[in-house]
file target.tsv (TSV, N, CA, C and O atoms)
chain	number	residue	atom	x	y	z
A	1	MET	N	0.84	-1.18	0.00
A	1	MET	CA	0.00	0.00	0.00
A	1	MET	C	0.89	1.24	0.00
A	1	MET	O	1.56	1.54	0.98
A	2	GLY	N	0.84	1.94	-1.10
A	2	GLY	CA	1.69	3.11	-1.26
A	2	GLY	C	1.47	4.18	-0.21
A	2	GLY	O	2.43	4.81	0.26
A	3	LEU	N	0.22	4.41	0.17
A	3	LEU	CA	-0.04	5.45	1.17
A	3	LEU	C	0.59	5.09	2.52
A	3	LEU	O	1.21	5.94	3.16
A	4	VAL	N	0.43	3.86	2.93
A	4	VAL	CA	1.00	3.42	4.20
A	4	VAL	C	2.53	3.47	4.15
A	4	VAL	O	3.18	3.90	5.11
A	5	GLU	N	3.11	3.05	3.02
A	5	GLU	CA	4.56	3.09	2.89
A	5	GLU	C	5.08	4.53	2.97
A	5	GLU	O	6.10	4.79	3.59
A	6	SER	N	4.36	5.45	2.36
A	6	SER	CA	4.76	6.86	2.43
A	6	SER	C	4.68	7.38	3.86
A	6	SER	O	5.59	8.06	4.33
A	7	ILE	N	3.61	7.05	4.55
A	7	ILE	CA	3.46	7.49	5.93
A	7	ILE	C	4.57	6.88	6.79
A	7	ILE	O	5.18	7.56	7.61
A	8	ALA	N	4.85	5.59	6.59
A	8	ALA	CA	5.89	4.92	7.37
A	8	ALA	C	7.25	5.56	7.16
A	8	ALA	O	8.08	5.58	8.06
A	9	ALA	N	7.47	6.11	5.97
A	9	ALA	CA	8.74	6.77	5.67
A	9	ALA	C	8.70	8.27	6.00
A	9	ALA	O	9.66	8.98	5.73
A	10	SER	N	7.61	8.71	6.61
A	10	SER	CA	7.40	10.13	6.96
A	10	SER	C	7.52	11.03	5.73
A	10	SER	O	8.04	12.14	5.81
A	11	CYS	N	7.03	10.53	4.60
A	11	CYS	CA	7.02	11.32	3.37
A	11	CYS	C	5.70	12.07	3.26
A	11	CYS	O	4.64	11.52	3.57
A	12	PRO	N	5.74	13.30	2.81
A	12	PRO	CA	4.49	14.03	2.57
A	12	PRO	C	3.64	13.28	1.55
A	12	PRO	O	4.17	12.71	0.59
A	13	VAL	N	2.34	13.26	1.76
A	13	VAL	CA	1.44	12.50	0.91
A	13	VAL	C	0.43	13.42	0.25
A	13	VAL	O	-0.20	14.24	0.92
A	14	ALA	N	0.27	13.26	-1.06
A	14	ALA	CA	-0.84	13.85	-1.81
A	14	ALA	C	-1.66	12.66	-2.27
A	14	ALA	O	-1.13	11.74	-2.89
A	15	ALA	N	-2.94	12.66	-1.93
A	15	ALA	CA	-3.77	11.49	-2.20
A	15	ALA	C	-5.11	11.89	-2.82
A	15	ALA	O	-5.56	13.03	-2.66
A	16	ALA	N	-5.71	10.93	-3.48
A	16	ALA	CA	-7.04	11.14	-4.05
A	16	ALA	C	-8.03	11.42	-2.93
A	16	ALA	O	-7.99	10.80	-1.87
A	17	ASP	N	-8.91	12.35	-3.17
A	17	ASP	CA	-9.94	12.71	-2.19
A	17	ASP	C	-11.04	11.65	-2.22
A	17	ASP	O	-12.14	11.88	-2.73
A	18	LEU	N	-10.70	10.47	-1.70
A	18	LEU	CA	-11.60	9.33	-1.68
A	18	LEU	C	-11.62	8.75	-0.26
A	18	LEU	O	-10.63	8.88	0.47
A	19	PRO	N	-12.72	8.10	0.12
A	19	PRO	CA	-12.84	7.62	1.50
A	19	PRO	C	-11.68	6.75	1.97
A	19	PRO	O	-11.21	6.91	3.10
A	20	TYR	N	-11.21	5.81	1.14
A	20	TYR	CA	-10.13	4.92	1.60
A	20	TYR	C	-8.87	5.72	1.94
A	20	TYR	O	-8.17	5.40	2.91
A	21	ALA	N	-8.57	6.75	1.15
A	21	ALA	CA	-7.36	7.55	1.40
A	21	ALA	C	-7.51	8.33	2.70
A	21	ALA	O	-6.56	8.44	3.48
A	22	HIS	N	-8.70	8.85	2.96
A	22	HIS	CA	-8.94	9.56	4.22
A	22	HIS	C	-8.82	8.60	5.40
A	22	HIS	O	-8.29	8.98	6.45
A	23	ASP	N	-9.30	7.36	5.23
A	23	ASP	CA	-9.19	6.37	6.30
A	23	ASP	C	-7.74	6.06	6.62
A	23	ASP	O	-7.37	5.92	7.78
A	24	VAL	N	-6.91	5.94	5.60
A	24	VAL	CA	-5.50	5.60	5.81
A	24	VAL	C	-4.71	6.81	6.29
A	24	VAL	O	-3.94	6.72	7.24
A	25	CYS	N	-4.89	7.95	5.64
A	25	CYS	CA	-4.01	9.11	5.87
A	25	CYS	C	-4.53	10.10	6.90
A	25	CYS	O	-3.73	10.77	7.56
A	26	GLY	N	-5.84	10.23	7.00
A	26	GLY	CA	-6.37	11.26	7.90
A	26	GLY	C	-5.80	12.61	7.54
A	26	GLY	O	-5.78	13.00	6.37
A	27	ASP	N	-5.28	13.31	8.54
A	27	ASP	CA	-4.74	14.65	8.30
A	27	ASP	C	-3.26	14.62	7.91
A	27	ASP	O	-2.60	15.65	7.86
A	28	ALA	N	-2.74	13.43	7.59
A	28	ALA	CA	-1.35	13.28	7.19
A	28	ALA	C	-1.17	13.42	5.67
A	28	ALA	O	-0.16	13.02	5.13
A	29	ALA	N	-2.17	13.97	5.00
A	29	ALA	CA	-2.09	14.12	3.54
A	29	ALA	C	-2.82	15.38	3.10
A	29	ALA	O	-3.64	15.92	3.84
A	30	VAL	N	-2.50	15.81	1.89
A	30	VAL	CA	-3.31	16.80	1.20
A	30	VAL	C	-4.06	16.01	0.13
A	30	VAL	O	-3.57	15.00	-0.38
A	31	TYR	N	-5.24	16.46	-0.20
A	31	TYR	CA	-6.12	15.69	-1.08
A	31	TYR	C	-6.43	16.45	-2.36
A	31	TYR	O	-6.52	17.67	-2.37
A	32	PHE	N	-6.58	15.68	-3.45
A	32	PHE	CA	-6.92	16.25	-4.74
A	32	PHE	C	-8.10	15.49	-5.34
A	32	PHE	O	-8.37	14.35	-4.98
A	33	ASN	N	-8.77	16.15	-6.28
A	33	ASN	CA	-9.87	15.52	-7.01
A	33	ASN	C	-9.23	14.55	-8.02
A	33	ASN	O	-8.55	14.98	-8.94
A	34	PRO	N	-9.46	13.24	-7.87
A	34	PRO	CA	-8.81	12.28	-8.75
A	34	PRO	C	-9.31	12.33	-10.19
A	34	PRO	O	-8.70	11.73	-11.08
A	35	ASN	N	-10.38	13.03	-10.43
A	35	ASN	CA	-10.94	13.15	-11.78
A	35	ASN	C	-10.55	14.43	-12.47
A	35	ASN	O	-11.05	14.73	-13.56
A	36	ASP	N	-9.67	15.21	-11.85
A	36	ASP	CA	-9.31	16.51	-12.40
A	36	ASP	C	-7.78	16.62	-12.47
A	36	ASP	O	-7.13	16.96	-11.49
A	37	PRO	N	-7.22	16.34	-13.65
A	37	PRO	CA	-5.75	16.38	-13.78
A	37	PRO	C	-5.14	17.71	-13.36
A	37	PRO	O	-4.05	17.72	-12.77
A	38	SER	N	-5.82	18.80	-13.61
A	38	SER	CA	-5.24	20.09	-13.21
A	38	SER	C	-5.23	20.24	-11.69
A	38	SER	O	-4.30	20.82	-11.12
A	39	ASP	N	-6.22	19.68	-11.00
A	39	ASP	CA	-6.23	19.73	-9.54
A	39	ASP	C	-5.14	18.84	-8.96
A	39	ASP	O	-4.49	19.20	-7.98
A	40	ILE	N	-4.92	17.68	-9.59
A	40	ILE	CA	-3.84	16.80	-9.15
A	40	ILE	C	-2.51	17.54	-9.24
A	40	ILE	O	-1.74	17.60	-8.28
A	41	ALA	N	-2.26	18.12	-10.41
A	41	ALA	CA	-1.00	18.83	-10.63
A	41	ALA	C	-0.85	20.01	-9.67
A	41	ALA	O	0.20	20.19	-9.05
A	42	LYS	N	-1.90	20.79	-9.52
A	42	LYS	CA	-1.85	21.96	-8.64
A	42	LYS	C	-1.57	21.56	-7.20
A	42	LYS	O	-0.74	22.17	-6.52
A	43	THR	N	-2.25	20.52	-6.73
A	43	THR	CA	-2.07	20.07	-5.35
A	43	THR	C	-0.63	19.61	-5.11
A	43	THR	O	-0.01	19.99	-4.11
A	44	VAL	N	-0.10	18.80	-6.00
A	44	VAL	CA	1.26	18.30	-5.84
A	44	VAL	C	2.27	19.44	-5.91
A	44	VAL	O	3.18	19.53	-5.07
A	45	ILE	N	2.11	20.32	-6.89
A	45	ILE	CA	3.04	21.45	-7.02
A	45	ILE	C	2.96	22.36	-5.80
A	45	ILE	O	3.98	22.77	-5.26
A	46	ASP	N	1.74	22.66	-5.36
A	46	ASP	CA	1.57	23.54	-4.20
A	46	ASP	C	2.24	22.97	-2.96
A	46	ASP	O	2.94	23.68	-2.24
A	47	VAL	N	2.03	21.69	-2.70
A	47	VAL	CA	2.61	21.11	-1.49
A	47	VAL	C	4.13	21.03	-1.60
A	47	VAL	O	4.85	21.22	-0.62
A	48	CYS	N	4.65	20.79	-2.80
A	48	CYS	CA	6.11	20.72	-2.98
A	48	CYS	C	6.79	22.07	-2.78
A	48	CYS	O	7.96	22.12	-2.41
A	49	HIS	N	6.05	23.14	-3.00
A	49	HIS	CA	6.63	24.47	-2.87
A	49	HIS	C	6.33	25.14	-1.54
A	49	HIS	O	6.72	26.29	-1.32
A	50	ASP	N	5.63	24.45	-0.65
A	50	ASP	CA	5.25	25.04	0.63
A	50	ASP	C	5.96	24.30	1.76
A	50	ASP	O	5.51	23.26	2.23
A	51	LYS	N	7.11	24.82	2.18
A	51	LYS	CA	7.92	24.16	3.21
A	51	LYS	C	7.15	23.94	4.50
A	51	LYS	O	7.29	22.90	5.15
A	52	SER	N	6.32	24.88	4.86
A	52	SER	CA	5.54	24.74	6.09
A	52	SER	C	4.61	23.53	6.01
A	52	SER	O	4.52	22.74	6.96
A	53	THR	N	3.93	23.38	4.88
A	53	THR	CA	3.04	22.23	4.71
A	53	THR	C	3.84	20.94	4.67
A	53	THR	O	3.44	19.94	5.27
A	54	LEU	N	4.96	20.94	3.96
A	54	LEU	CA	5.82	19.74	3.91
A	54	LEU	C	6.26	19.33	5.31
A	54	LEU	O	6.17	18.15	5.68
A	55	ASP	N	6.72	20.28	6.10
A	55	ASP	CA	7.16	19.98	7.46
A	55	ASP	C	6.02	19.47	8.32
A	55	ASP	O	6.18	18.52	9.10
A	56	GLN	N	4.85	20.08	8.17
A	56	GLN	CA	3.68	19.68	8.95
A	56	GLN	C	3.27	18.24	8.57
A	56	GLN	O	3.00	17.42	9.45
A	57	LEU	N	3.23	17.94	7.27
A	57	LEU	CA	2.86	16.59	6.85
A	57	LEU	C	3.87	15.56	7.34
A	57	LEU	O	3.48	14.48	7.79
A	58	ARG	N	5.15	15.88	7.27
A	58	ARG	CA	6.18	14.95	7.77
A	58	ARG	C	5.97	14.66	9.25
A	58	ARG	O	6.10	13.52	9.70
A	59	SER	N	5.67	15.69	10.01
A	59	SER	CA	5.46	15.52	11.44
A	59	SER	C	4.23	14.66	11.73
A	59	SER	O	4.27	13.76	12.57
A	60	ILE	N	3.15	14.92	11.02
A	60	ILE	CA	1.93	14.14	11.22
A	60	ILE	C	2.16	12.69	10.82
A	60	ILE	O	1.73	11.76	11.52
A	61	CYS	N	2.87	12.47	9.71
A	61	CYS	CA	3.19	11.11	9.27
A	61	CYS	C	4.01	10.38	10.33
A	61	CYS	O	3.76	9.21	10.62
A	62	ALA	N	4.99	11.06	10.88
A	62	ALA	CA	5.84	10.44	11.89
A	62	ALA	C	5.01	9.98	13.09
A	62	ALA	O	5.27	8.92	13.66
A	63	ASN	N	3.99	10.75	13.44
A	63	ASN	CA	3.13	10.39	14.57
A	63	ASN	C	2.11	9.33	14.20
A	63	ASN	O	1.63	8.60	15.07
A	64	ARG	N	1.75	9.23	12.93
A	64	ARG	CA	0.70	8.31	12.50
A	64	ARG	C	1.22	6.93	12.09
A	64	ARG	O	0.48	5.95	12.08
A	65	LYS	N	2.51	6.83	11.80
A	65	LYS	CA	3.02	5.59	11.23
A	65	LYS	C	2.90	4.39	12.16
A	65	LYS	O	2.81	3.26	11.69
A	66	ASP	N	2.85	4.60	13.45
A	66	ASP	CA	2.72	3.48	14.38
A	66	ASP	C	1.39	2.74	14.22
A	66	ASP	O	1.28	1.58	14.61
A	67	ARG	N	0.40	3.41	13.64
A	67	ARG	CA	-0.89	2.74	13.40
A	67	ARG	C	-0.73	1.55	12.48
A	67	ARG	O	-1.57	0.65	12.47
A	68	TYR	N	0.32	1.54	11.68
A	68	TYR	CA	0.49	0.51	10.66
A	68	TYR	C	1.68	-0.40	10.92
A	68	TYR	O	2.14	-1.08	10.02
A	69	SER	N	2.15	-0.43	12.16
A	69	SER	CA	3.26	-1.33	12.47
A	69	SER	C	2.75	-2.78	12.44
A	69	SER	O	1.58	-3.05	12.71
A	70	TYR	N	3.66	-3.71	12.10
A	70	TYR	CA	3.27	-5.12	12.07
A	70	TYR	C	2.75	-5.57	13.43
A	70	TYR	O	1.80	-6.32	13.53
A	71	ARG	N	3.40	-5.08	14.49
A	71	ARG	CA	3.00	-5.48	15.84
A	71	ARG	C	1.55	-5.04	16.13
A	71	ARG	O	0.75	-5.82	16.60
A	72	ARG	N	1.25	-3.80	15.83
A	72	ARG	CA	-0.10	-3.30	16.11
A	72	ARG	C	-1.15	-4.04	15.28
A	72	ARG	O	-2.21	-4.39	15.78
A	73	ILE	N	-0.86	-4.26	14.01
A	73	ILE	CA	-1.81	-4.98	13.16
A	73	ILE	C	-2.02	-6.39	13.69
A	73	ILE	O	-3.16	-6.86	13.77
A	74	ALA	N	-0.95	-7.07	14.07
A	74	ALA	CA	-1.07	-8.43	14.62
A	74	ALA	C	-1.89	-8.42	15.91
A	74	ALA	O	-2.73	-9.31	16.12
A	75	GLU	N	-1.67	-7.44	16.76
A	75	GLU	CA	-2.44	-7.35	18.01
A	75	GLU	C	-3.93	-7.14	17.73
A	75	GLU	O	-4.78	-7.72	18.39
A	76	GLU	N	-4.23	-6.31	16.75
A	76	GLU	CA	-5.64	-6.06	16.41
A	76	GLU	C	-6.29	-7.30	15.81
A	76	GLU	O	-7.45	-7.59	16.11
A	77	ILE	N	-5.57	-8.02	14.99
A	77	ILE	CA	-6.11	-9.26	14.42
A	77	ILE	C	-6.33	-10.28	15.54
A	77	ILE	O	-7.38	-10.94	15.59
A	78	ALA	N	-5.38	-10.39	16.45
A	78	ALA	CA	-5.54	-11.31	17.58
A	78	ALA	C	-6.75	-10.94	18.43
A	78	ALA	O	-7.49	-11.81	18.89
A	79	ARG	N	-6.97	-9.64	18.62
A	79	ARG	CA	-8.13	-9.18	19.39
A	79	ARG	C	-9.43	-9.61	18.71
A	79	ARG	O	-10.38	-10.04	19.38
A	80	VAL	N	-9.49	-9.53	17.41
A	80	VAL	CA	-10.68	-9.96	16.67
A	80	VAL	C	-10.90	-11.45	16.86
A	80	VAL	O	-12.02	-11.90	17.12
A	81	PHE	N	-9.82	-12.24	16.75
A	81	PHE	CA	-9.94	-13.68	16.96
A	81	PHE	C	-10.46	-14.00	18.37
A	81	PHE	O	-11.27	-14.89	18.55
A	82	GLU	N	-9.97	-13.26	19.35
A	82	GLU	CA	-10.44	-13.48	20.73
A	82	GLU	C	-11.93	-13.16	20.86
A	82	GLU	O	-12.65	-13.87	21.55
A	83	LEU	N	-12.36	-12.09	20.23
A	83	LEU	CA	-13.78	-11.73	20.28
A	83	LEU	C	-14.66	-12.78	19.61
A	83	LEU	O	-15.73	-13.11	20.11
A	84	VAL	N	-14.20	-13.30	18.50
A	84	VAL	CA	-14.96	-14.31	17.78
A	84	VAL	C	-14.99	-15.61	18.57
A	84	VAL	O	-16.01	-16.29	18.61
A	85	LYS	N	-13.89	-15.92	19.21
A	85	LYS	CA	-13.76	-17.15	19.99
A	85	LYS	C	-14.68	-17.13	21.21
A	85	LYS	O	-15.18	-18.16	21.64
A	86	ALA	N	-14.89	-15.96	21.79
A	86	ALA	CA	-15.66	-15.83	23.03
A	86	ALA	C	-17.13	-16.07	22.84
A	86	ALA	O	-17.73	-16.16	21.90

call {"tool": "encode", "arguments": {"input": "target.tsv", "output": "structure tokens"}}
result
Amino acid sequence: MGLVESIAASCPVAAADLPYAHDVCGDAAVYFNPNDPSDIAKTVIDVCHDKSTLDQLRSICANRKDRYSYRRIAEEIARVFELVKA
């Protein structure tokens, strides 16, 4: 998953303004209309030229990446198995 890999690497993310991307990235991304090539280009160019936004996204990614650690995912899957077992 490219979005998760970007977050794990604390890379700024520009993502399609779609529910799955919001679920994965939350406020760790800037969003563009995936059906509008000019909006995609504008969003990417704008974020690349805005150091403040880049720094903010990197910081948010660094704080969010633990959500996707193998340990956390395994613990959540185990929790589901325990609930089903009960």

call {"tool": "residues_around", "arguments": {"input": "target.tsv", "residues": "region 37-53 of chain A", "least_positions_apart": "5", "cutoff": "9 Å", "atoms": "only C-alpha atoms", "output": "list in words"}}
result
Pro12, Val13, Ala14, Ala15, Ala16, Val30, Tyr31, Phe32 and Arg58 of chain A

call {"tool": "atom_distance", "arguments": {"input": "target.tsv", "atom1": "CA of Pro19 (chain A)", "atom2": "CA of Ile73 (chain A)"}}
result
20.4 Å

call {"tool": "axis_aligned_box", "arguments": {"input": "target.tsv", "around": "region 82-85 of chain A", "padding_each_side": "8 Å", "output": "lines of an AutoDock Vina configuration file"}}
result
center_x = -13.0
center_y = -14.9
center_z = 19.7
size_x = 22.0
size_y = 22.4
size_z = 19.9

call {"tool": "atom_distance", "arguments": {"input": "target.tsv", "atom1": "CA of Ser59 (chain A)", "atom2": "CA of Ala29 (chain A)"}}
result
11.0 Å

call {"tool": "closest_residue", "arguments": {"input": "target.tsv", "among": "A:Asp17, A:Glu82, A:Glu76, A:Asp27", "to": "Ala62 (chain A)", "atoms": "only C-alpha atoms"}}
result
A:Asp27

call {"tool": "atom_distance", "arguments": {"input": "target.tsv", "atom1": "CA of Cys25 (chain A)", "atom2": "CA of Cys61 (chain A)"}}
result
8.2 Å

call {"tool": "select_by_dssp", "arguments": {"input": "target.tsv", "residues": "chain A", "states": "helix (DSSP H, G or I)", "output": "ChimeraX atom specification"}}
result
/A:2-8,19-28,37-48,51-68,70-85

call {"tool": "select_by_dssp", "arguments": {"input": "target.tsv", "residues": "chain A", "states": "strand (DSSP E or B)", "output": "list in words"}}
result
Val13, Ala14, Ala15, Ala16, Ala29, Val30, Tyr31 and Phe32 of chain A

call {"tool": "closest_residue", "arguments": {"input": "target.tsv", "among": "A:His22, A:Lys65, A:Arg79, A:Arg71", "to": "Ala9 (chain A)", "atoms": "only C-alpha atoms"}}
result
A:Lys65

call {"tool": "build_atoms", "arguments": {"input": "target.tsv", "residues": "region 74-85 of chain A", "atoms": "all heavy atoms", "output": "PDB file, keeping the file's coordinate frame"}}
result
ATOM      1  N   ALA A  74      -0.950  -7.070  14.070  1.00  0.00           N
ATOM      2  CA  ALA A  74      -1.070  -8.430  14.620  1.00  0.00           C
ATOM      3  C   ALA A  74      -1.890  -8.420  15.910  1.00  0.00           C
ATOM      4  O   ALA A  74      -2.730  -9.310  16.120  1.00  0.00           O
ATOM      5  CB  ALA A  74       0.318  -9.015  14.875  1.00  0.00           C
ATOM      6  N   GLU A  75      -1.670  -7.440  16.760  1.00  0.00           N
ATOM      7  CA  GLU A  75      -2.440  -7.350  18.010  1.00  0.00           C
ATOM      8  C   GLU A  75      -3.930  -7.140  17.730  1.00  0.00           C
ATOM      9  O   GLU A  75      -4.780  -7.720  18.390  1.00  0.00           O
ATOM     10  CB  GLU A  75      -1.889  -6.230  18.882  1.00  0.00           C
ATOM     11  CG  GLU A  75      -0.534  -6.548  19.489  1.00  0.00           C
ATOM     12  CD  GLU A  75       0.125  -5.341  20.151  1.00  0.00           C
ATOM     13  OE1 GLU A  75      -0.390  -4.213  20.031  1.00  0.00           O
ATOM     14  OE2 GLU A  75       1.188  -5.550  20.771  1.00  0.00           O
ATOM     15  N   GLU A  76      -4.230  -6.310  16.750  1.00  0.00           N
ATOM     16  CA  GLU A  76      -5.640  -6.060  16.410  1.00  0.00           C
ATOM     17  C   GLU A  76      -6.290  -7.300  15.810  1.00  0.00           C
ATOM     18  O   GLU A  76      -7.450  -7.590  16.110  1.00  0.00           O
ATOM     19  CB  GLU A  76      -5.751  -4.854  15.486  1.00  0.00           C
ATOM     20  CG  GLU A  76      -5.430  -3.558  16.205  1.00  0.00           C
ATOM     21  CD  GLU A  76      -5.561  -2.325  15.324  1.00  0.00           C
ATOM     22  OE1 GLU A  76      -6.216  -2.400  14.259  1.00  0.00           O
ATOM     23  OE2 GLU A  76      -5.011  -1.282  15.708  1.00  0.00           O
ATOM     24  N   ILE A  77      -5.570  -8.020  14.990  1.00  0.00           N
ATOM     25  CA  ILE A  77      -6.110  -9.260  14.420  1.00  0.00           C
ATOM     26  C   ILE A  77      -6.330 -10.280  15.540  1.00  0.00           C
ATOM     27  O   ILE A  77      -7.380 -10.940  15.590  1.00  0.00           O
ATOM     28  CB  ILE A  77      -5.177  -9.828  13.332  1.00  0.00           C
ATOM     29  CG1 ILE A  77      -5.213  -8.916  12.101  1.00  0.00           C
ATOM     30  CG2 ILE A  77      -5.572 -11.257  12.952  1.00  0.00           C
ATOM     31  CD1 ILE A  77      -4.174  -9.231  11.051  1.00  0.00           C
ATOM     32  N   ALA A  78      -5.380 -10.390  16.450  1.00  0.00           N
ATOM     33  CA  ALA A  78      -5.540 -11.310  17.580  1.00  0.00           C
ATOM     34  C   ALA A  78      -6.750 -10.940  18.430  1.00  0.00           C
ATOM     35  O   ALA A  78      -7.490 -11.810  18.890  1.00  0.00           O
ATOM     36  CB  ALA A  78      -4.261 -11.321  18.433  1.00  0.00           C
ATOM     37  N   ARG A  79      -6.970  -9.640  18.620  1.00  0.00           N
ATOM     38  CA  ARG A  79      -8.130  -9.180  19.390  1.00  0.00           C
ATOM     39  C   ARG A  79      -9.430  -9.610  18.710  1.00  0.00           C
ATOM     40  O   ARG A  79     -10.380 -10.040  19.380  1.00  0.00           O
ATOM     41  CB  ARG A  79      -8.066  -7.659  19.530  1.00  0.00           C
ATOM     42  CG  ARG A  79      -8.948  -7.124  20.618  1.00  0.00           C
ATOM     43  CD  ARG A  79      -8.710  -5.658  20.907  1.00  0.00           C
ATOM     44  NE  ARG A  79      -7.286  -5.334  20.874  1.00  0.00           N
ATOM     45  CZ  ARG A  79      -6.781  -4.275  20.243  1.00  0.00           C
ATOM     46  NH1 ARG A  79      -7.554  -3.431  19.620  1.00  0.00           N
ATOM     47  NH2 ARG A  79      -5.484  -4.043  20.251  1.00  0.00           N
ATOM     48  N   VAL A  80      -9.490  -9.530  17.410  1.00  0.00           N
ATOM     49  CA  VAL A  80     -10.680  -9.960  16.670  1.00  0.00           C
ATOM     50  C   VAL A  80     -10.900 -11.450  16.860  1.00  0.00           C
ATOM     51  O   VAL A  80     -12.020 -11.900  17.120  1.00  0.00           O
ATOM     52  CB  VAL A  80     -10.567  -9.598  15.171  1.00  0.00           C
ATOM     53  CG1 VAL A  80     -11.669 -10.264  14.356  1.00  0.00           C
ATOM     54  CG2 VAL A  80     -10.599  -8.098  14.962  1.00  0.00           C
ATOM     55  N   PHE A  81      -9.820 -12.240  16.750  1.00  0.00           N
ATOM     56  CA  PHE A  81      -9.940 -13.680  16.960  1.00  0.00           C
ATOM     57  C   PHE A  81     -10.460 -14.000  18.370  1.00  0.00           C
ATOM     58  O   PHE A  81     -11.270 -14.890  18.550  1.00  0.00           O
ATOM     59  CB  PHE A  81      -8.603 -14.389  16.729  1.00  0.00           C
ATOM     60  CG  PHE A  81      -8.202 -14.496  15.285  1.00  0.00           C
ATOM     61  CD1 PHE A  81      -6.866 -14.511  14.931  1.00  0.00           C
ATOM     62  CD2 PHE A  81      -9.143 -14.548  14.269  1.00  0.00           C
ATOM     63  CE1 PHE A  81      -6.481 -14.613  13.610  1.00  0.00           C
ATOM     64  CE2 PHE A  81      -8.776 -14.652  12.934  1.00  0.00           C
ATOM     65  CZ  PHE A  81      -7.434 -14.682  12.600  1.00  0.00           C
ATOM     66  N   GLU A  82      -9.970 -13.260  19.350  1.00  0.00           N
ATOM     67  CA  GLU A  82     -10.440 -13.480  20.730  1.00  0.00           C
ATOM     68  C   GLU A  82     -11.930 -13.160  20.860  1.00  0.00           C
ATOM     69  O   GLU A  82     -12.650 -13.870  21.550  1.00  0.00           O
ATOM     70  CB  GLU A  82      -9.613 -12.643  21.703  1.00  0.00           C
ATOM     71  CG  GLU A  82      -8.200 -13.133  21.890  1.00  0.00           C
ATOM     72  CD  GLU A  82      -8.139 -14.549  22.459  1.00  0.00           C
ATOM     73  OE1 GLU A  82      -8.927 -14.878  23.370  1.00  0.00           O
ATOM     74  OE2 GLU A  82      -7.288 -15.310  21.991  1.00  0.00           O
ATOM     75  N   LEU A  83     -12.360 -12.090  20.230  1.00  0.00           N
ATOM     76  CA  LEU A  83     -13.780 -11.730  20.280  1.00  0.00           C
ATOM     77  C   LEU A  83     -14.660 -12.780  19.610  1.00  0.00           C
ATOM     78  O   LEU A  83     -15.730 -13.110  20.110  1.00  0.00           O
ATOM     79  CB  LEU A  83     -14.014 -10.359  19.621  1.00  0.00           C
ATOM     80  CG  LEU A  83     -13.496  -9.156  20.380  1.00  0.00           C
ATOM     81  CD1 LEU A  83     -13.605  -7.899  19.518  1.00  0.00           C
ATOM     82  CD2 LEU A  83     -14.262  -8.965  21.684  1.00  0.00           C
ATOM     83  N   VAL A  84     -14.200 -13.300  18.500  1.00  0.00           N
ATOM     84  CA  VAL A  84     -14.960 -14.310  17.780  1.00  0.00           C
ATOM     85  C   VAL A  84     -14.990 -15.610  18.570  1.00  0.00           C
ATOM     86  O   VAL A  84     -16.010 -16.290  18.610  1.00  0.00           O
ATOM     87  CB  VAL A  84     -14.367 -14.544  16.368  1.00  0.00           C
ATOM     88  CG1 VAL A  84     -14.985 -15.732  15.684  1.00  0.00           C
ATOM     89  CG2 VAL A  84     -14.516 -13.288  15.529  1.00  0.00           C
ATOM     90  N   LYS A  85     -13.890 -15.920  19.210  1.00  0.00           N
ATOM     91  CA  LYS A  85     -13.760 -17.150  19.990  1.00  0.00           C
ATOM     92  C   LYS A  85     -14.680 -17.130  21.210  1.00  0.00           C
ATOM     93  O   LYS A  85     -15.180 -18.160  21.640  1.00  0.00           O
ATOM     94  CB  LYS A  85     -12.293 -17.311  20.414  1.00  0.00           C
ATOM     95  CG  LYS A  85     -11.957 -18.571  21.118  1.00  0.00           C
ATOM     96  CD  LYS A  85     -10.459 -18.580  21.352  1.00  0.00           C
ATOM     97  CE  LYS A  85     -10.099 -19.441  22.524  1.00  0.00           C
ATOM     98  NZ  LYS A  85      -8.669 -19.381  22.824  1.00  0.00           N
TER      99      LYS A  85
END
